[in-house]
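Participant: For reference, the structure I am asking about is given below.
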Amino acid sequence: MPGTVLLINPNTSTATTAMMQELARAALPPALALRSATAARGAPMITSDAELATAVDEVLAIGTREAGRVVAIVVAAFGDPALAPLRARVAVPVVGIGEASMLEAAAHGRRFGVATTTPGLADSIAHAVARLGLAAQFSGTRIPEDDPLRLAADPGLQDRLLGQAVRACIEEDGAQAVVIGGGPLAQSAARLAGQFGVPVVSPVAAAMRRVAALLETTV
(Lines give C-alpha, C1' and ligand atoms only; values in the text may rest on other atoms or scores of the structure.)
Protein backbone atom coordinates (compact mmCIF):
# COMPACT_ATOMS: atom_id res chain seq x y z
CA MET A 1 0.00 0.00 0.00
CA PRO A 2 1.77 3.20 -1.12
CA GLY A 3 1.68 6.32 0.99
CA THR A 4 3.58 8.12 3.74
CA VAL A 5 4.30 6.93 7.26
CA LEU A 6 4.71 9.60 9.94
CA LEU A 7 7.24 9.06 12.73
CA ILE A 8 6.54 11.25 15.77
CA ASN A 9 9.44 11.85 18.14
CA PRO A 10 7.82 12.66 21.52
CA ASN A 11 11.00 14.29 22.80
CA THR A 12 12.32 17.64 21.60
CA SER A 13 15.66 16.51 20.14
CA THR A 14 15.75 17.05 16.39
CA ALA A 15 19.03 15.12 16.28
CA THR A 16 17.26 12.09 17.77
CA THR A 17 14.47 12.51 15.24
CA ALA A 18 16.95 12.51 12.36
CA MET A 19 18.72 9.43 13.72
CA MET A 20 15.47 7.51 14.19
CA GLN A 21 14.24 8.52 10.74
CA GLU A 22 17.40 7.13 9.14
CA LEU A 23 17.07 3.80 10.92
CA ALA A 24 13.32 3.68 10.32
CA ARG A 25 13.81 4.31 6.62
CA ALA A 26 16.14 1.32 6.38
CA ALA A 27 13.49 -0.95 7.96
CA LEU A 28 10.54 0.28 5.92
CA PRO A 29 9.60 -1.09 2.47
CA PRO A 30 10.73 1.22 -0.36
CA ALA A 31 7.13 1.69 -1.55
CA LEU A 32 6.33 3.59 1.64
CA ALA A 33 7.54 7.15 2.09
CA LEU A 34 8.58 8.35 5.54
CA ARG A 35 8.59 11.71 7.23
CA SER A 36 8.98 12.78 10.82
CA ALA A 37 7.84 15.36 13.35
CA THR A 38 9.42 16.43 16.62
CA ALA A 39 7.64 17.51 19.79
CA ALA A 40 7.83 21.27 20.29
CA ARG A 41 7.61 21.03 24.07
CA GLY A 42 8.86 18.54 26.63
CA ALA A 43 12.17 16.88 27.44
CA PRO A 44 15.13 16.39 25.08
CA MET A 45 15.27 12.79 26.32
CA ILE A 46 12.42 11.10 28.19
CA THR A 47 13.85 9.56 31.35
CA SER A 48 10.91 9.53 33.80
CA ASP A 49 7.19 8.92 34.00
CA ALA A 50 6.62 12.67 34.46
CA GLU A 51 8.49 13.47 31.24
CA LEU A 52 6.59 10.70 29.49
CA ALA A 53 3.32 12.26 30.60
CA THR A 54 4.31 15.68 29.26
CA ALA A 55 4.70 14.15 25.79
CA VAL A 56 1.07 13.03 25.56
CA ASP A 57 -0.43 16.34 24.44
CA GLU A 58 2.29 16.89 21.83
CA VAL A 59 1.83 13.44 20.32
CA LEU A 60 -1.94 13.88 20.21
CA ALA A 61 -1.65 17.31 18.60
CA ILE A 62 0.81 16.19 15.93
CA GLY A 63 -0.96 12.92 15.24
CA THR A 64 -4.45 14.35 14.89
CA ARG A 65 -3.19 17.23 12.73
CA GLU A 66 -1.29 14.96 10.33
CA ALA A 67 -3.46 11.82 10.24
CA GLY A 68 -5.33 12.83 7.10
CA ARG A 69 -2.08 13.06 5.12
CA VAL A 70 -0.47 9.74 6.06
CA VAL A 71 -1.25 6.02 5.95
CA ALA A 72 0.17 5.20 9.39
CA ILE A 73 1.68 6.89 12.44
CA VAL A 74 4.54 5.65 14.61
CA VAL A 75 4.95 6.98 18.16
CA ALA A 76 8.71 6.79 18.63
CA ALA A 77 9.18 6.76 22.39
CA PHE A 78 9.49 3.49 24.25
CA GLY A 79 6.76 4.44 26.71
CA ASP A 80 4.29 4.88 23.81
CA PRO A 81 2.82 8.19 25.06
CA ALA A 82 -0.74 8.88 23.82
CA LEU A 83 -0.87 5.59 21.91
CA ALA A 84 -4.38 4.55 22.97
CA PRO A 85 -6.05 7.98 22.75
CA LEU A 86 -4.44 8.70 19.38
CA ARG A 87 -5.71 5.37 18.04
CA ALA A 88 -9.18 6.36 19.19
CA ARG A 89 -9.03 9.69 17.36
CA VAL A 90 -7.60 8.80 13.95
CA ALA A 91 -8.55 6.41 11.17
CA VAL A 92 -5.06 5.21 10.25
CA PRO A 93 -2.98 2.55 12.06
CA VAL A 94 -0.97 3.90 15.02
CA VAL A 95 2.02 1.89 16.18
CA GLY A 96 4.09 2.45 19.31
CA ILE A 97 7.73 1.41 19.28
CA GLY A 98 7.47 -0.05 22.77
CA GLU A 99 4.44 -2.18 22.00
CA ALA A 100 5.77 -3.28 18.60
CA SER A 101 9.15 -4.33 19.95
CA MET A 102 7.72 -6.27 22.89
CA LEU A 103 5.27 -8.12 20.66
CA GLU A 104 8.07 -9.00 18.26
CA ALA A 105 10.38 -10.17 21.04
CA ALA A 106 7.61 -12.28 22.60
CA ALA A 107 6.61 -13.94 19.33
CA HIS A 108 6.46 -17.74 19.28
CA GLY A 109 6.18 -17.78 23.06
CA ARG A 110 9.73 -16.52 23.65
CA ARG A 111 10.80 -15.31 27.05
CA PHE A 112 12.07 -11.74 26.62
CA GLY A 113 13.78 -9.00 28.58
CA VAL A 114 14.40 -5.29 28.20
CA ALA A 115 17.78 -3.56 28.37
CA THR A 116 17.59 0.20 28.78
CA THR A 117 19.34 3.16 30.41
CA THR A 118 16.41 4.88 32.17
CA PRO A 119 15.66 3.61 35.70
CA GLY A 120 12.88 6.17 36.00
CA LEU A 121 10.86 4.25 33.42
CA ALA A 122 11.22 0.75 34.87
CA ASP A 123 7.72 0.74 36.37
CA SER A 124 6.11 1.98 33.16
CA ILE A 125 7.88 -0.79 31.23
CA ALA A 126 6.48 -3.42 33.60
CA HIS A 127 3.00 -1.90 33.30
CA ALA A 128 3.23 -1.94 29.50
CA VAL A 129 4.21 -5.62 29.56
CA ALA A 130 1.18 -6.36 31.73
CA ARG A 131 -1.18 -4.39 29.46
CA LEU A 132 -0.02 -6.48 26.51
CA GLY A 133 -0.68 -9.70 28.42
CA LEU A 134 3.00 -10.68 28.26
CA ALA A 135 3.91 -10.76 31.96
CA ALA A 136 4.34 -14.56 31.98
CA GLN A 137 7.02 -14.27 29.27
CA PHE A 138 8.82 -11.25 30.71
CA SER A 139 12.22 -11.89 32.27
CA GLY A 140 12.62 -8.34 33.57
CA THR A 141 14.46 -5.10 32.84
CA ARG A 142 18.20 -4.61 33.14
CA ILE A 143 19.48 -1.05 33.58
CA PRO A 144 23.11 0.11 33.93
CA GLU A 145 23.89 2.07 37.07
CA ASP A 146 24.79 5.28 35.28
CA ASP A 147 23.12 8.51 34.28
CA PRO A 148 21.16 8.06 31.02
CA LEU A 149 22.04 11.53 29.76
CA ARG A 150 25.74 10.89 30.35
CA LEU A 151 25.47 7.62 28.46
CA ALA A 152 23.64 9.32 25.59
CA ALA A 153 26.61 11.68 25.25
CA ASP A 154 29.09 8.79 25.15
CA PRO A 155 27.92 6.22 22.54
CA GLY A 156 30.86 3.88 23.17
CA LEU A 157 30.15 3.65 26.89
CA GLN A 158 26.43 3.36 26.23
CA ASP A 159 27.00 0.44 23.86
CA ARG A 160 29.26 -1.31 26.35
CA LEU A 161 26.91 -0.97 29.31
CA LEU A 162 23.83 -1.86 27.27
CA GLY A 163 25.70 -4.88 25.97
CA GLN A 164 26.36 -5.95 29.55
CA ALA A 165 22.65 -5.48 30.32
CA VAL A 166 21.69 -7.60 27.31
CA ARG A 167 24.06 -10.35 28.43
CA ALA A 168 22.56 -10.26 31.93
CA CYS A 169 19.08 -10.60 30.46
CA ILE A 170 20.19 -13.68 28.57
CA GLU A 171 22.57 -15.40 30.99
CA GLU A 172 21.02 -14.49 34.35
CA ASP A 173 17.33 -14.03 33.51
CA GLY A 174 16.88 -16.62 30.76
CA ALA A 175 15.71 -14.21 28.05
CA GLN A 176 15.39 -15.68 24.57
CA ALA A 177 15.10 -12.20 23.01
CA VAL A 178 16.03 -8.76 24.34
CA VAL A 179 14.48 -5.40 23.50
CA ILE A 180 16.66 -2.30 23.63
CA GLY A 181 14.26 -0.01 25.44
CA GLY A 182 14.35 3.44 23.90
CA GLY A 183 14.02 5.36 20.67
CA PRO A 184 17.22 7.34 21.37
CA LEU A 185 18.97 3.98 21.88
CA ALA A 186 18.18 2.84 18.34
CA GLN A 187 21.76 3.25 17.10
CA SER A 188 23.05 1.20 20.02
CA ALA A 189 20.44 -1.44 19.22
CA ALA A 190 21.66 -1.60 15.62
CA ARG A 191 25.28 -1.94 16.72
CA LEU A 192 24.48 -4.63 19.31
CA ALA A 193 22.34 -6.73 16.99
CA GLY A 194 24.09 -9.93 15.97
CA GLN A 195 26.51 -9.93 18.91
CA PHE A 196 24.45 -12.40 20.94
CA GLY A 197 22.88 -15.77 20.33
CA VAL A 198 19.34 -14.40 20.63
CA PRO A 199 17.47 -11.61 18.81
CA VAL A 200 18.27 -8.08 20.01
CA VAL A 201 15.25 -6.02 18.97
CA SER A 202 15.43 -2.37 17.98
CA PRO A 203 12.07 -0.74 18.79
CA VAL A 204 12.25 1.66 15.84
CA ALA A 205 12.90 -1.12 13.33
CA ALA A 206 10.27 -3.35 14.95
CA ALA A 207 7.67 -0.60 14.65
CA MET A 208 8.39 -0.20 10.94
CA ARG A 209 8.05 -3.94 10.37
CA ARG A 210 4.72 -3.85 12.20
CA VAL A 211 3.52 -0.88 10.13
CA ALA A 212 4.41 -2.73 6.92
CA ALA A 213 2.53 -5.82 8.08
CA LEU A 214 -0.55 -3.82 9.13
CA LEU A 215 -0.69 -1.95 5.84
CA GLU A 216 -0.45 -5.19 3.89
CA THR A 217 -3.54 -6.46 5.70
CA THR A 218 -5.51 -3.30 4.86
CA VAL A 219 -4.92 -3.40 1.10
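Order determines the names: the first chain of the C-alpha coordinates is A, the second B, and so forth; residues in each chain are numbered 1 upward, and ligands are numbered 1 upward as they are shown.
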Quick one: residues within 8 Å of A:Ala126, only C-alpha atoms, excluding same-chain residues fewer than 4 positions away - as number ranges by chain?

Facilitator: A: 122, 130, 135, 140

Participant: Take the residues from that selection and write them out as a PDB file, in the first residue's frame, keeping N, CA and C atoms.

Facilitator:
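Dumped to result.pdb:
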ATOM      1  N   ALA A 122      11.328   2.189  34.636  1.00  0.00           N
ATOM      2  CA  ALA A 122      11.219   0.746  34.874  1.00  0.00           C
ATOM      3  C   ALA A 122       9.792   0.324  35.193  1.00  0.00           C
ATOM      4  N   ALA A 130       2.426  -5.806  31.191  1.00  0.00           N
ATOM      5  CA  ALA A 130       1.179  -6.355  31.733  1.00  0.00           C
ATOM      6  C   ALA A 130      -0.010  -6.020  30.843  1.00  0.00           C
ATOM      7  N   ALA A 135       3.169 -10.679  30.699  1.00  0.00           N
ATOM      8  CA  ALA A 135       3.907 -10.765  31.963  1.00  0.00           C
ATOM      9  C   ALA A 135       4.516 -12.148  32.188  1.00  0.00           C
ATOM     10  N   GLY A 140      12.241  -9.506  32.794  1.00  0.00           N
ATOM     11  CA  GLY A 140      12.623  -8.339  33.574  1.00  0.00           C
ATOM     12  C   GLY A 140      13.426  -7.317  32.779  1.00  0.00           C
TER      13      GLY A 140
END

Participant: List every residue of stretch 14-161 of chain A that DSSP, applied to the backbone of this structure, places in alpha helix (DSSP H), and write the result as a PyMOL selection string.

Facilitator: chain A and resi 14-27+49-66+83-89+97-105+122-131+148-152+155-161

Participant: Need to verify the contact set: A:Thr12, 12 Å, only C-alpha atoms, exclusion of same-chain residues closer than 6 positions in sequence. Can you return it as a ChimeraX atom specification?

Facilitator: /A:18,37-46,51-52,54-55,58-59,76-77,184

Participant: Give me a file of those residues, with N, CA and C atoms, as an mmCIF file, in the first residue's frame.

Facilitator:
data_model
loop_
_atom_site.group_PDB
_atom_site.id
_atom_site.type_symbol
_atom_site.label_atom_id
_atom_site.label_comp_id
_atom_site.auth_asym_id
_atom_site.auth_seq_id
_atom_site.Cartn_x
_atom_site.Cartn_y
_atom_site.Cartn_z
ATOM 1 N N ALA A 18 16.222 12.823 13.590
ATOM 2 C CA ALA A 18 16.952 12.511 12.357
ATOM 3 C C ALA A 18 17.562 11.119 12.415
ATOM 4 N N ALA A 37 8.186 14.144 12.635
ATOM 5 C CA ALA A 37 7.836 15.364 13.353
ATOM 6 C C ALA A 37 8.403 15.258 14.761
ATOM 7 N N THR A 38 8.804 16.390 15.304
ATOM 8 C CA THR A 38 9.423 16.433 16.623
ATOM 9 C C THR A 38 8.563 17.249 17.574
ATOM 10 N N ALA A 39 8.418 16.772 18.789
ATOM 11 C CA ALA A 39 7.643 17.511 19.792
ATOM 12 C C ALA A 39 8.231 18.905 19.992
ATOM 13 N N ALA A 40 7.373 19.894 20.084
ATOM 14 C CA ALA A 40 7.826 21.274 20.289
ATOM 15 C C ALA A 40 8.081 21.575 21.756
ATOM 16 N N ARG A 41 7.453 20.811 22.635
ATOM 17 C CA ARG A 41 7.610 21.033 24.074
ATOM 18 C C ARG A 41 7.858 19.704 24.763
ATOM 19 N N GLY A 42 8.578 19.750 25.874
ATOM 20 C CA GLY A 42 8.856 18.540 26.628
ATOM 21 C C GLY A 42 10.321 18.408 26.944
ATOM 22 N N ALA A 43 10.784 17.163 27.066
ATOM 23 C CA ALA A 43 12.168 16.879 27.438
ATOM 24 C C ALA A 43 12.982 16.486 26.208
ATOM 25 N N PRO A 44 14.279 16.818 26.188
ATOM 26 C CA PRO A 44 15.135 16.388 25.078
ATOM 27 C C PRO A 44 15.390 14.891 25.071
ATOM 28 N N MET A 45 15.229 14.241 26.225
ATOM 29 C CA MET A 45 15.275 12.786 26.321
ATOM 30 C C MET A 45 14.342 12.390 27.455
ATOM 31 N N ILE A 46 13.411 11.490 27.183
ATOM 32 C CA ILE A 46 12.420 11.099 28.186
ATOM 33 C C ILE A 46 13.039 10.061 29.117
ATOM 34 N N GLU A 51 8.139 12.989 32.577
ATOM 35 C CA GLU A 51 8.486 13.471 31.241
ATOM 36 C C GLU A 51 7.691 12.725 30.169
ATOM 37 N N LEU A 52 7.423 11.465 30.424
ATOM 38 C CA LEU A 52 6.590 10.699 29.488
ATOM 39 C C LEU A 52 5.188 11.307 29.420
ATOM 40 N N THR A 54 4.325 14.374 29.938
ATOM 41 C CA THR A 54 4.313 15.675 29.260
ATOM 42 C C THR A 54 4.288 15.527 27.745
ATOM 43 N N ALA A 55 4.671 14.363 27.242
ATOM 44 C CA ALA A 55 4.701 14.149 25.794
ATOM 45 C C ALA A 55 3.332 13.841 25.216
ATOM 46 N N GLU A 58 1.576 16.629 23.083
ATOM 47 C CA GLU A 58 2.293 16.891 21.832
ATOM 48 C C GLU A 58 2.020 15.793 20.809
ATOM 49 N N VAL A 59 2.074 14.554 21.242
ATOM 50 C CA VAL A 59 1.828 13.440 20.319
ATOM 51 C C VAL A 59 0.403 13.502 19.779
ATOM 52 N N ALA A 76 7.339 7.280 18.478
ATOM 53 C CA ALA A 76 8.707 6.787 18.630
ATOM 54 C C ALA A 76 9.327 7.128 19.979
ATOM 55 N N ALA A 77 8.611 6.771 21.038
ATOM 56 C CA ALA A 77 9.182 6.764 22.389
ATOM 57 C C ALA A 77 8.793 5.440 23.013
ATOM 58 N N PRO A 184 15.870 6.787 21.473
ATOM 59 C CA PRO A 184 17.217 7.343 21.373
ATOM 60 C C PRO A 184 18.330 6.294 21.438
#

Participant: To one decimal place in Å, what is the distance between atom CA of A:Thr14 and atom CA of A:Leu162?

Facilitator: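 Separating atom CA of A:Thr14 from atom CA of A:Leu162 is a distance of 23.3 Å.
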
Participant: Fewer than 3 positions away in the same chain doesn't count, so skip those; otherwise give me all residues within 9 Å of stretch 163-179 of chain A, counting only C-alpha atoms, as JSON, numbers by chain.

Facilitator: {"A": [98, 101, 102, 105, 106, 110, 111, 112, 113, 114, 115, 116, 137, 138, 139, 140, 141, 142, 143, 144, 158, 159, 160, 182, 188, 189, 192, 195, 196, 197, 198, 199, 200, 201, 202, 203]}

Participant: Atom CA of A:Ala153 and atom CA of A:Ala15, how far apart in Å?

Facilitator: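 Answer for the atom CA of A:Ala15 to atom CA of A:Ala153 separation: 12.2 Å.
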
Participant: May I have all residues of stretch 64-198 of chain A that DSSP, computed from the backbone, assigns to strand (DSSP E), given as a ChimeraX atom specification?

Facilitator: /A:72-75,94-96,112-115,138-142,177-180

Participant: Report, in Å with one decimal, the straight-line distance from atom CA of A:Ala33 to atom CA of A:Leu6.

Facilitator: 8.7 Å

Participant: For each of A:Ala128, A:Thr47, A:Pro29, A:Ala88, take the minimum atom-to-atom distance to A:Pro148, counting only C-alpha atoms, then give the residue where this is smallest.

Facilitator: A:Thr47

Participant: Give me the residues near A:Gly3 as a list in words, where near means some atom within 7 Å (using only C-alpha atoms) and where sequence neighbours in that chain fewer than 4 positions away do not count.

Facilitator: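 So, after excluding close chain neighbours, the residues are Leu32, Ala33, Val70 and Val71 of chain A.
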
Participant: Store the residues picked out above, limited to N, CA and C atoms, as a PDB file, in the first residue's frame.

Facilitator:
ATOM      1  N   LEU A  32       6.886   2.670   0.653  1.00  0.00           N
ATOM      2  CA  LEU A  32       6.328   3.591   1.636  1.00  0.00           C
ATOM      3  C   LEU A  32       7.280   4.753   1.862  1.00  0.00           C
ATOM      4  N   ALA A  33       6.755   5.964   1.757  1.00  0.00           N
ATOM      5  CA  ALA A  33       7.540   7.153   2.094  1.00  0.00           C
ATOM      6  C   ALA A  33       7.532   7.333   3.614  1.00  0.00           C
ATOM      7  N   VAL A  70      -1.374  10.887   5.977  1.00  0.00           N
ATOM      8  CA  VAL A  70      -0.471   9.739   6.064  1.00  0.00           C
ATOM      9  C   VAL A  70      -1.269   8.443   6.120  1.00  0.00           C
ATOM     10  N   VAL A  71      -0.577   7.326   5.895  1.00  0.00           N
ATOM     11  CA  VAL A  71      -1.251   6.022   5.945  1.00  0.00           C
ATOM     12  C   VAL A  71      -1.013   5.296   7.262  1.00  0.00           C
TER      13      VAL A  71
END

Participant: Show me, as a ChimeraX atom specification, the residues that have an atom within 12 Å of A:Arg210 when counting only C-alpha atoms, minus same-chain residues fewer than 5 positions from it.

Facilitator: /A:5,24,27-29,72-74,93-104,203-205,215-217

Participant: Would you please work out which residue, of A:Ile125, A:Met20, A:Ile180, A:Ala31, is nearest to A:Val75 when using only C-alpha atoms?

Facilitator: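 The closest residue to A:Val75 is A:Met20.
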